[in-house]
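Just run16.cif here, mmCIF, C-alpha atoms and all ligand atoms:
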data_data
loop_
_atom_site.label_atom_id
_atom_site.label_comp_id
_atom_site.auth_asym_id
_atom_site.auth_seq_id
_atom_site.Cartn_x
_atom_site.Cartn_y
_atom_site.Cartn_z
CA MET A 1 165.80 136.21 35.00
CA LEU A 2 168.27 138.72 36.36
CA SER A 3 171.48 137.85 38.23
CA VAL A 4 172.35 139.33 41.63
CA GLU A 5 174.72 141.77 39.92
CA ASP A 6 172.01 142.88 37.45
CA LEU A 7 169.56 143.40 40.29
CA GLN A 8 172.08 145.36 42.31
CA GLU A 9 172.72 147.61 39.34
CA LEU A 10 169.02 148.08 38.68
CA PHE A 11 168.44 148.97 42.30
CA LEU A 12 171.37 151.38 42.55
CA LYS A 13 170.25 153.22 39.43
CA TYR A 14 166.78 153.62 40.89
CA LEU A 15 168.16 154.75 44.27
CA LYS A 16 170.40 157.37 42.65
CA ASN A 17 167.39 158.98 40.98
CA GLU A 18 165.44 159.06 44.21
CA LEU A 19 167.97 160.82 46.46
CA PHE A 20 166.49 163.57 48.59
CA VAL A 21 167.23 167.17 47.68
CA GLN A 22 164.59 168.83 49.85
CA SER A 23 165.19 171.36 52.64
CA PRO A 24 166.27 171.58 55.36
CA LYS A 25 169.55 170.01 54.37
CA GLU A 26 170.32 169.18 58.03
CA LEU A 27 167.47 166.67 57.85
CA TYR A 28 168.10 165.18 54.39
CA GLU A 29 171.90 165.18 54.19
CA PRO A 30 172.29 162.39 56.76
CA VAL A 31 169.62 160.40 54.90
CA ASN A 32 171.53 160.63 51.62
CA TYR A 33 174.83 160.05 53.43
CA ILE A 34 173.83 156.73 54.94
CA LEU A 35 172.00 155.57 51.80
CA GLN A 36 175.04 156.28 49.64
CA LEU A 37 177.57 154.80 52.02
CA GLY A 38 177.20 151.52 50.20
CA GLY A 39 176.52 148.28 51.97
CA LYS A 40 175.66 144.99 50.40
CA ARG A 41 172.10 145.98 49.38
CA LEU A 42 171.12 142.50 50.44
CA ARG A 43 167.53 143.21 51.44
CA PRO A 44 166.38 145.07 48.31
CA VAL A 45 168.13 142.53 46.09
CA LEU A 46 166.38 139.69 47.91
CA LEU A 47 163.03 141.45 47.56
CA LEU A 48 163.64 141.80 43.82
CA MET A 49 164.74 138.17 43.61
CA GLY A 50 161.51 137.19 45.34
CA ALA A 51 159.57 139.06 42.65
CA ASN A 52 161.74 137.75 39.82
CA LEU A 53 161.10 134.19 40.88
CA PHE A 54 157.50 134.59 39.74
CA SER A 55 157.63 137.38 37.17
CA GLU A 56 159.96 138.64 34.45
CA GLU A 57 158.63 142.17 34.90
CA ILE A 58 160.07 143.48 38.18
CA ASP A 59 160.45 147.24 37.74
CA HIS A 60 157.27 147.80 39.70
CA ALA A 61 158.90 146.11 42.72
CA LEU A 62 161.59 148.83 42.90
CA PRO A 63 159.72 151.21 45.24
CA ALA A 64 159.15 148.40 47.74
CA ALA A 65 162.82 147.37 47.40
CA LEU A 66 163.85 150.94 48.20
CA ALA A 67 161.38 151.06 51.09
CA ILE A 68 163.03 148.00 52.63
CA GLU A 69 166.53 149.43 52.15
CA ILE A 70 165.52 152.77 53.67
CA PHE A 71 163.97 150.99 56.65
CA HIS A 72 167.14 148.92 57.08
CA ASN A 73 169.28 152.08 57.01
CA PHE A 74 166.95 153.84 59.43
CA SER A 75 167.36 150.92 61.83
CA LEU A 76 171.15 151.15 61.47
CA VAL A 77 171.21 154.89 62.22
CA HIS A 78 169.30 154.36 65.46
CA ASP A 79 171.16 151.11 66.20
CA ASP A 80 174.49 152.92 66.00
CA ILE A 81 173.30 155.47 68.55
CA MET A 82 172.10 152.68 70.85
CA ASP A 83 175.30 150.61 70.37
CA GLU A 84 177.55 153.69 70.62
CA ALA A 85 179.16 152.66 67.34
CA GLU A 86 181.45 155.11 65.59
CA LEU A 87 182.12 153.28 62.34
CA ARG A 88 179.73 151.99 59.68
CA ARG A 89 180.73 150.74 56.24
CA GLY A 90 184.22 152.06 56.94
CA GLN A 91 182.98 155.63 57.55
CA PRO A 92 181.79 157.65 60.58
CA THR A 93 178.29 156.76 61.71
CA VAL A 94 175.55 159.36 61.21
CA HIS A 95 175.46 160.46 64.85
CA ILE A 96 179.24 160.88 64.94
CA LYS A 97 179.28 162.89 61.71
CA TYR A 98 176.13 164.97 62.19
CA GLY A 99 175.31 164.69 65.91
CA GLN A 100 172.86 162.62 67.92
CA ASN A 101 169.80 164.77 67.27
CA ALA A 102 170.36 164.55 63.53
CA GLY A 103 170.60 160.79 63.86
CA ILE A 104 167.31 160.61 65.72
CA LEU A 105 165.35 162.94 63.46
CA SER A 106 166.79 161.81 60.13
CA GLY A 107 166.05 158.25 61.26
CA ASP A 108 162.44 159.25 61.97
CA ALA A 109 162.18 160.82 58.52
CA MET A 110 163.54 157.65 56.93
CA LEU A 111 160.86 155.58 58.61
CA ILE A 112 158.23 157.85 57.05
CA LEU A 113 159.95 157.70 53.66
CA THR A 114 159.67 153.93 53.92
CA TYR A 115 155.89 154.25 54.01
CA GLN A 116 155.88 156.73 51.14
CA TYR A 117 157.64 154.18 48.94
CA LEU A 118 155.43 151.32 50.03
CA ASN A 119 152.46 153.48 49.11
CA GLN A 120 153.69 153.59 45.50
CA LEU A 121 152.67 150.00 44.95
CA LYS A 122 151.40 149.65 41.40
CA ASN A 123 148.62 147.27 42.35
CA PRO A 124 146.64 149.11 45.05
CA GLY A 125 144.67 145.92 45.75
CA GLN A 126 147.84 144.50 47.32
CA LEU A 127 148.60 147.49 49.51
CA SER A 128 146.72 146.45 52.60
CA ALA A 129 148.21 142.92 52.66
CA ILE A 130 151.72 144.20 52.09
CA LEU A 131 151.38 146.94 54.70
CA ALA A 132 150.23 144.32 57.21
CA ILE A 133 153.35 142.22 56.53
CA PHE A 134 155.56 145.27 56.77
CA ASN A 135 153.98 146.60 59.98
CA GLN A 136 154.36 143.22 61.62
CA LEU A 137 158.06 142.93 60.79
CA ALA A 138 158.76 146.58 61.67
CA ILE A 139 157.36 146.24 65.19
CA GLU A 140 159.20 142.92 65.56
CA VAL A 141 162.50 144.64 64.70
CA CYS A 142 161.83 147.06 67.58
CA GLU A 143 161.06 144.13 69.88
CA GLY A 144 164.30 142.43 68.87
CA GLN A 145 166.30 145.61 69.42
CA GLN A 146 164.81 145.97 72.91
CA TYR A 147 165.70 142.36 73.80
CA ASP A 148 169.21 143.01 72.49
CA MET A 149 169.51 146.00 74.85
CA ASN A 150 167.91 144.14 77.78
CA PHE A 151 170.34 141.25 77.37
CA GLU A 152 173.39 143.54 77.71
CA THR A 153 172.73 143.85 81.44
CA GLN A 154 171.10 140.46 81.96
CA GLU A 155 173.52 137.98 83.53
CA SER A 156 172.21 134.82 81.97
CA VAL A 157 170.43 134.48 78.66
CA GLU A 158 169.22 131.17 77.19
CA ILE A 159 170.42 130.30 73.70
CA ALA A 160 166.75 129.96 72.71
CA ALA A 161 166.08 133.54 73.88
CA TYR A 162 169.10 134.75 71.94
CA LEU A 163 167.89 132.99 68.78
CA LYS A 164 164.46 134.57 69.19
CA MET A 165 166.11 137.97 69.66
CA ILE A 166 168.13 137.73 66.43
CA GLU A 167 165.11 136.41 64.57
CA LEU A 168 163.28 139.57 65.58
CA LYS A 169 166.01 142.17 65.15
CA THR A 170 167.44 140.81 61.91
CA SER A 171 165.75 137.93 60.16
CA VAL A 172 162.14 139.08 59.93
CA LEU A 173 163.19 142.02 57.73
CA ILE A 174 164.97 139.69 55.31
CA ALA A 175 162.07 137.22 55.44
CA GLY A 176 159.33 139.83 55.13
CA GLY A 177 161.13 141.55 52.26
CA LEU A 178 161.30 138.28 50.34
CA LYS A 179 157.62 137.65 50.98
CA ILE A 180 156.64 141.14 49.87
CA GLY A 181 158.71 140.71 46.70
CA ALA A 182 157.08 137.36 45.99
CA LEU A 183 153.57 138.79 46.38
CA ILE A 184 154.40 141.72 44.10
CA GLY A 185 155.65 139.16 41.57
CA GLY A 186 152.29 137.41 41.73
CA ALA A 187 153.15 134.45 43.98
CA ALA A 188 150.45 132.38 45.64
CA GLU A 189 150.20 132.90 49.41
CA GLU A 190 151.63 129.42 50.07
CA ASP A 191 154.75 130.04 48.01
CA ALA A 192 155.22 133.50 49.53
CA ASN A 193 155.07 131.90 52.99
CA GLU A 194 157.71 129.31 52.07
CA LEU A 195 159.96 132.13 50.90
CA TYR A 196 159.36 133.91 54.20
CA GLU A 197 160.53 130.77 56.02
CA PHE A 198 163.54 130.53 53.72
CA GLY A 199 164.40 134.13 54.58
CA ARG A 200 163.80 133.64 58.28
CA HIS A 201 166.33 130.81 58.43
CA ILE A 202 168.84 132.62 56.21
CA GLY A 203 168.43 135.73 58.38
CA ILE A 204 169.27 133.88 61.59
CA ALA A 205 172.38 132.43 59.95
CA PHE A 206 173.21 135.92 58.67
CA GLN A 207 173.14 137.40 62.19
CA LEU A 208 175.24 134.50 63.54
CA GLN A 209 177.84 135.40 60.91
CA ASP A 210 177.51 139.08 61.90
CA ASP A 211 178.33 138.07 65.48
CA ILE A 212 181.36 136.06 64.30
CA LEU A 213 182.64 138.90 62.13
CA ASP A 214 182.20 141.40 64.95
CA THR A 215 184.98 139.56 66.81
CA PHE A 216 186.92 137.74 64.12
CA GLY A 217 186.40 139.95 61.05
CA ASP A 218 189.26 141.58 59.17
CA PRO A 219 189.25 145.25 60.32
CA GLU A 220 190.32 146.30 56.80
CA LYS A 221 187.24 144.77 55.22
CA PHE A 222 184.57 144.63 57.93
CA GLY A 223 183.75 148.35 58.03
CA LYS A 224 182.65 148.29 61.68
CA LYS A 225 184.76 148.32 64.84
CA VAL A 226 186.00 144.79 65.49
CA GLY A 227 185.26 143.87 69.12
CA GLY A 228 182.34 146.30 69.45
CA ASP A 229 180.00 143.55 70.70
CA ILE A 230 182.49 142.48 73.38
CA ALA A 231 182.98 146.07 74.53
CA GLN A 232 179.19 146.46 74.90
CA ASN A 233 178.65 143.12 76.69
CA LYS A 234 176.39 141.99 73.82
CA LYS A 235 175.00 138.55 74.50
CA THR A 236 176.12 137.05 71.22
CA PHE A 237 176.17 133.34 70.50
CA LEU A 238 179.95 133.43 71.07
CA LEU A 239 179.59 134.90 74.54
CA LEU A 240 176.67 132.72 75.61
CA LYS A 241 178.48 129.54 74.55
CA SER A 242 181.59 130.73 76.38
CA LEU A 243 179.61 131.42 79.54
CA GLU A 244 178.22 127.90 79.22
CA GLN A 245 181.58 126.20 78.66
CA ALA A 246 184.34 128.25 80.31
CA LYS A 247 186.03 126.61 83.30
CA GLY A 248 188.87 127.42 85.69
CA GLN A 249 191.08 130.33 84.68
CA ASP A 250 189.08 130.99 81.49
CA ARG A 251 185.94 131.42 83.55
CA GLU A 252 187.60 133.77 86.02
CA ASP A 253 189.08 135.86 83.22
CA LEU A 254 185.76 135.95 81.37
CA MET A 255 183.81 137.13 84.40
CA ALA A 256 186.48 139.75 85.18
CA ALA A 257 186.45 140.99 81.58
CA LEU A 258 182.64 141.28 81.53
CA SER A 259 182.63 143.59 84.53
CA ASP A 260 185.47 145.72 83.13
CA SER A 261 184.25 148.94 81.55
CA THR A 262 187.50 150.88 81.89
CA ASN A 263 189.82 149.23 79.36
CA PRO A 264 187.91 148.18 76.24
CA SER A 265 190.92 147.09 74.17
CA GLN A 266 192.20 144.81 76.94
CA LYS A 267 188.68 143.49 77.42
CA ILE A 268 188.32 142.71 73.70
CA GLU A 269 191.70 140.98 73.63
CA GLN A 270 190.95 138.87 76.68
CA VAL A 271 187.47 137.77 75.64
CA THR A 272 188.64 137.01 72.09
CA ARG A 273 191.34 134.74 73.51
CA ILE A 274 188.75 132.84 75.56
CA TYR A 275 186.53 132.48 72.47
CA GLN A 276 189.52 130.96 70.68
CA ASN A 277 190.31 128.59 73.55
CA LEU A 278 186.75 127.33 73.62
CA LYS A 279 186.35 127.17 69.82
CA VAL A 280 182.99 128.92 69.97
CA GLN A 281 183.41 130.32 66.45
CA GLU A 282 183.36 126.77 65.10
CA GLN A 283 180.20 126.06 67.09
CA ALA A 284 178.54 129.17 65.65
CA SER A 285 179.49 128.09 62.12
CA GLU A 286 177.93 124.67 62.69
CA LEU A 287 174.70 126.25 63.82
CA MET A 288 174.74 128.48 60.73
CA GLU A 289 175.02 125.40 58.55
CA ASP A 290 171.98 123.89 60.29
CA TYR A 291 169.95 127.01 59.56
CA LEU A 292 171.10 127.07 55.96
CA GLU A 293 170.04 123.48 55.51
CA LYS A 294 166.60 124.20 56.95
CA ALA A 295 166.31 127.29 54.75
CA PHE A 296 166.82 125.18 51.63
CA ILE A 297 164.01 122.81 52.62
CA HIS A 298 161.64 125.77 52.38
CA LEU A 299 163.11 127.01 49.11
CA ASP A 300 162.64 123.52 47.67
CA ARG A 301 158.93 123.69 48.47
CA VAL A 302 158.35 126.84 46.41
CA LYS A 303 156.45 125.76 43.34
CA VAL A 304 158.55 127.20 40.54
CA GLU A 305 161.00 125.48 38.23
CA LYS A 306 164.21 124.42 40.01
CA SER A 307 166.39 126.42 37.62
CA ARG A 308 164.73 129.68 38.73
CA LYS A 309 165.97 129.15 42.30
CA ILE A 310 169.66 128.92 41.50
CA PHE A 311 170.46 132.61 42.08
CA LEU A 312 168.80 132.51 45.51
CA GLN A 313 170.64 129.33 46.37
CA ASN A 314 173.98 130.79 45.36
CA LEU A 315 173.38 134.02 47.24
CA ALA A 316 172.46 132.15 50.43
CA ASN A 317 175.60 130.03 50.15
CA GLN A 318 177.77 133.11 49.56
CA LEU A 319 176.30 134.89 52.58
CA MET A 320 177.58 132.15 54.85
CA MET A 321 181.14 132.88 53.70
CA ARG A 322 180.89 136.65 53.67
CA GLU A 323 183.63 138.84 55.15
CA ILE A 324 181.69 142.12 55.17
C1 LIG A 401 173.89 145.07 59.29
O1 LIG A 401 173.34 144.60 58.10
C2 LIG A 401 172.91 144.89 60.38
C3 LIG A 401 172.61 143.49 60.69
C4 LIG A 401 171.41 143.04 60.74
C5 LIG A 401 173.68 142.57 61.01
P1 LIG A 401 174.21 144.40 56.79
O2 LIG A 401 175.42 143.59 57.10
O3 LIG A 401 173.34 143.90 55.71
O4 LIG A 401 174.67 145.88 56.47
P2 LIG A 401 174.97 146.60 55.08
O5 LIG A 401 173.70 147.21 54.63
O6 LIG A 401 175.50 145.59 54.11
O7 LIG A 401 175.99 147.64 55.44
C1 LIG A 402 171.52 145.20 64.18
O1 LIG A 402 172.22 144.33 64.94
C2 LIG A 402 170.08 144.92 64.00
C3 LIG A 402 169.34 146.14 63.58
C4 LIG A 402 169.92 147.21 63.17
C5 LIG A 402 167.92 146.11 63.64
P1 LIG A 402 173.72 144.74 65.22
O2 LIG A 402 173.80 145.83 66.22
O3 LIG A 402 174.51 143.50 65.47
O4 LIG A 402 174.16 145.33 63.78
P2 LIG A 402 175.57 145.98 63.46
O5 LIG A 402 176.60 144.94 63.83
O6 LIG A 402 175.68 147.23 64.26
O7 LIG A 402 175.53 146.21 61.98
MG MG A 403 175.00 147.62 66.13
MG MG A 404 172.64 146.51 67.82
MG MG A 405 176.54 143.20 64.79
#
Once more with this new file: its structure as structure tokens, please.
Ligand code: IPE
Ligand code: IPE
Ligand code: MG
Ligand code: MG
Ligand code: MG
Amino acid sequence: MLSVEDLQELFLKYLKNELFVQSPKELYEPVNYILQLGGKRLRPVLLLMGANLFSEEIDHALPAALAIEIFHNFSLVHDDIMDEAELRRGQPTVHIKYGQNAGILSGDAMLILTYQYLNQLKNPGQLSAILAIFNQLAIEVCEGQQYDMNFETQESVEIAAYLKMIELKTSVLIAGGLKIGALIGGAAEEDANELYEFGRHIGIAFQLQDDILDTFGDPEKFGKKVGGDIAQNKKTFLLLKSLEQAKGQDREDLMAALSDSTNPSQKIEQVTRIYQNLKVQEQASELMEDYLEKAFIHLDRVKVEKSRKIFLQNLANQLMMREI
């Protein structure tokens, strides 16, 4: 079995060989830019881990791993336009560097490249099942992104609706990638479904951590603008819990900050202070722990030797403590 580091290296080597040198360069340069900007490579590594759980031979899962990473990066390029974000992985976002039209069209091209890589599946008998899984998660990501946008201007959002939103925008890609990897590795449907559930729970915890880092991350390490969610009135877990619990002066300040679109740095400072007063970060961490625990129940049910699951277990634990 390969370690996370081995899988990362294997994936990066494959990616490097696949970079896009076609014309026009205005279309492909942004694609290569975002793909080479780094990032954790979490989704392709998880897909490969899903395959490696059931098979020692995983090279033939590389095109699907790249497909998932390209799709993820496509979603980020369009997400950064929608979120008006200027920084990604410590560098200018695609639309800031190359312009909004380039971001839209290069993103479109990346979505098509995703399908080209999925189509390289070695076992054509699996293609239709894997495409169905992918299509389902891809449309769900769009649904999640739309809820995320809707919630910005919606005054009250239930925690349950928020959790559904992050499941759609973030966790189904992680879950579906793991399931696709498992099937490529030869897993039985039942085991592949347990891995999906493992990924779904990990993915929700992952987005909760993303929300925490967006406010409390170290700007030197995080690579995105700290406070971006607050500036955009994103209905994160931190904000929803604060809206639920803030009283007196905190409540007045919070409501005032939410309607302020003129002074983002003051707004970020004020809302962060209220989050600290109400200890909502701690509440988010507790919920993450609950999801992690549930995730492990599903991993336990996968019918392979316990020792083969250690890398996945370690990675899930590390993700909860991540700083980037
Ligand atoms: C960012 O994903 C988008 C979210 C779903 C939170 P990552 O945090 O995995 O981004 P990279 O690929 O490592 O930069
Ligand atoms: C991103 O959520 C989800 C998708 C890109 C589908 P965020 O908007 O929280 O991701 P970041 O924080 O910009 O990476
Ligand atoms: Mg964003
Ligand atoms: Mg977003
Ligand atoms: Mg975020």
Check which residues fall inside 6 Å of ligand LIG 401 (chain A) when counting only C-alpha atoms and all ligand atoms, and print them as a compact mmCIF listing (two decimals) with C-alpha atoms, in the coordinates of the input.
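And here is the file that came out, result_22.txt:
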# COMPACT_ATOMS: atom_id res chain seq x y z
CA GLY A 39 176.52 148.28 51.97
CA LYS A 40 175.66 144.99 50.40
CA ARG A 41 172.10 145.98 49.38
CA LEU A 42 171.12 142.50 50.44
CA ARG A 89 180.73 150.74 56.24
CA THR A 170 167.44 140.81 61.91
CA GLN A 207 173.14 137.40 62.19
CA ASP A 210 177.51 139.08 61.90
Distance query 9 Å from (168.8, 153.7, 71.2) using only C-alpha atoms, result as a PyMOL selection string: chain A and resi 78-84+104+145-146+149
Can I get the selected residues back with C-alpha atoms, as an mmCIF file, in the frame of the given file?
data_model
loop_
_atom_site.group_PDB
_atom_site.id
_atom_site.type_symbol
_atom_site.label_atom_id
_atom_site.label_comp_id
_atom_site.auth_asym_id
_atom_site.auth_seq_id
_atom_site.Cartn_x
_atom_site.Cartn_y
_atom_site.Cartn_z
ATOM 1 C CA HIS A 78 169.300 154.360 65.460
ATOM 2 C CA ASP A 79 171.160 151.110 66.200
ATOM 3 C CA ASP A 80 174.490 152.920 66.000
ATOM 4 C CA ILE A 81 173.300 155.470 68.550
ATOM 5 C CA MET A 82 172.100 152.680 70.850
ATOM 6 C CA ASP A 83 175.300 150.610 70.370
ATOM 7 C CA GLU A 84 177.550 153.690 70.620
ATOM 8 C CA ILE A 104 167.310 160.610 65.720
ATOM 9 C CA GLN A 145 166.300 145.610 69.420
ATOM 10 C CA GLN A 146 164.810 145.970 72.910
ATOM 11 C CA MET A 149 169.510 146.000 74.850
#
All residues 7 Å or closer to Gly177 in chain A, only C-alpha atoms, same chain fewer than 6 positions away omitted, as number ranges by chain: A: 43, 47, 68
Pairwise distance for CA of Ala187 in chain A and CA of Leu121 in chain A, rounded to one decimal in Å: 15.6 Å
For CA of Ile204 in chain A and CA of Leu292 in chain A, the interatomic separation in Å (one decimal):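 Taking CA of Ile204 in chain A and CA of Leu292 in chain A, their separation equals 9.0 Å.
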Leu131 in chain A environment, 10 Å, all atoms listed in the file, sequence neighbours closer than 5 positions dropped, as a PyMOL selection string: chain A and resi 115+118-119+126+136-137+180
Expected answer as JSON, numbers by chain: residues within 10 Å of ligand LIG 402 (chain A), all atoms listed in the file: {"A": [71, 72, 73, 74, 75, 76, 77, 78, 79, 80, 81, 82, 83, 84, 85, 86, 87, 88, 89, 138, 140, 141, 142, 143, 144, 145, 146, 148, 149, 165, 166, 167, 168, 169, 170, 171, 172, 173, 207, 208, 209, 210, 211, 213, 214, 222, 223, 224, 225, 226, 228, 229, 234, 236]}
Given only C-alpha atoms and all ligand atoms as the counted atoms, nearest of A:Asp59, A:Glu18, A:Glu305, A:Glu152 to ligand MG 404 (chain A): A:Glu152
Atom pair CA of Phe198 in chain A / CA of Val157 in chain A: separation (Å):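 One can read the CA of Phe198 in chain A to CA of Val157 in chain A distance as 26.2 Å.
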Test item: which residues lie within 12 Å of (185.0, 160.3, 51.1) counting all atoms listed in the file, as JSON, numbers by chain: {"A": [33, 36, 37, 38, 89, 90, 91, 92]}
Residues within 10 Å of Ser285 in chain A, only C-alpha atoms, excluding chain neighbours under 6 positions, as a list in words: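 Counting only C-alpha atoms, the residues come to Ala205, Leu208, Gln209, Ile212, Tyr291, Met320 and Met321 of chain A.
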Emit as JSON the padded axis-aligned box for all listed atoms of range 134-144 of chain A, 6 Å per side, with centre and edge lengths in Å to one decimal.
{"center_x": 159.1, "center_y": 144.7, "center_z": 63.3, "size_x": 22.3, "size_y": 16.6, "size_z": 25.1}
Selection: 7 Å around Ala51 in chain A, all atoms listed in the file, excl. self and same-chain fewer than 6 positions, as number ranges by chain: A: 58, 181-182, 184-185
Minimum-distance residue to Gly50 in chain A, chosen among A:Leu240, A:Leu62, A:Leu319, A:Ile112 (using only C-alpha atoms): A:Leu62
Minimum-distance residue to ligand MG 404 (chain A), chosen among A:Lys309, A:Thr114, A:Leu10, A:Asn150 (using all atoms listed in the file):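 Comparing A:Lys309, A:Thr114, A:Leu10, A:Asn150 against ligand MG 404 (chain A), the winner is A:Asn150.
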Close residues, Arg308 in chain A itself excluded, 12 Å, all atoms listed in the file, min 3 positions apart in chain, as a list in words: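 Using all atoms listed in the file, the neighbours found are Met1, Leu2, Ser3, Met49, Gly50, Ala51, Asn52, Leu53, Phe54, Ser55, Glu56, Leu299, Asp300, Val302, Lys303, Val304, Glu305, Phe311, Leu312, Gln313 and Asn314 of chain A.
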Pick from A:Leu183, A:Leu46, A:Ala102, A:Leu35, whichever lies nearest to Leu315 in chain A using all atoms listed in the file: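 Nearest to Leu315 in chain A: A:Leu46.
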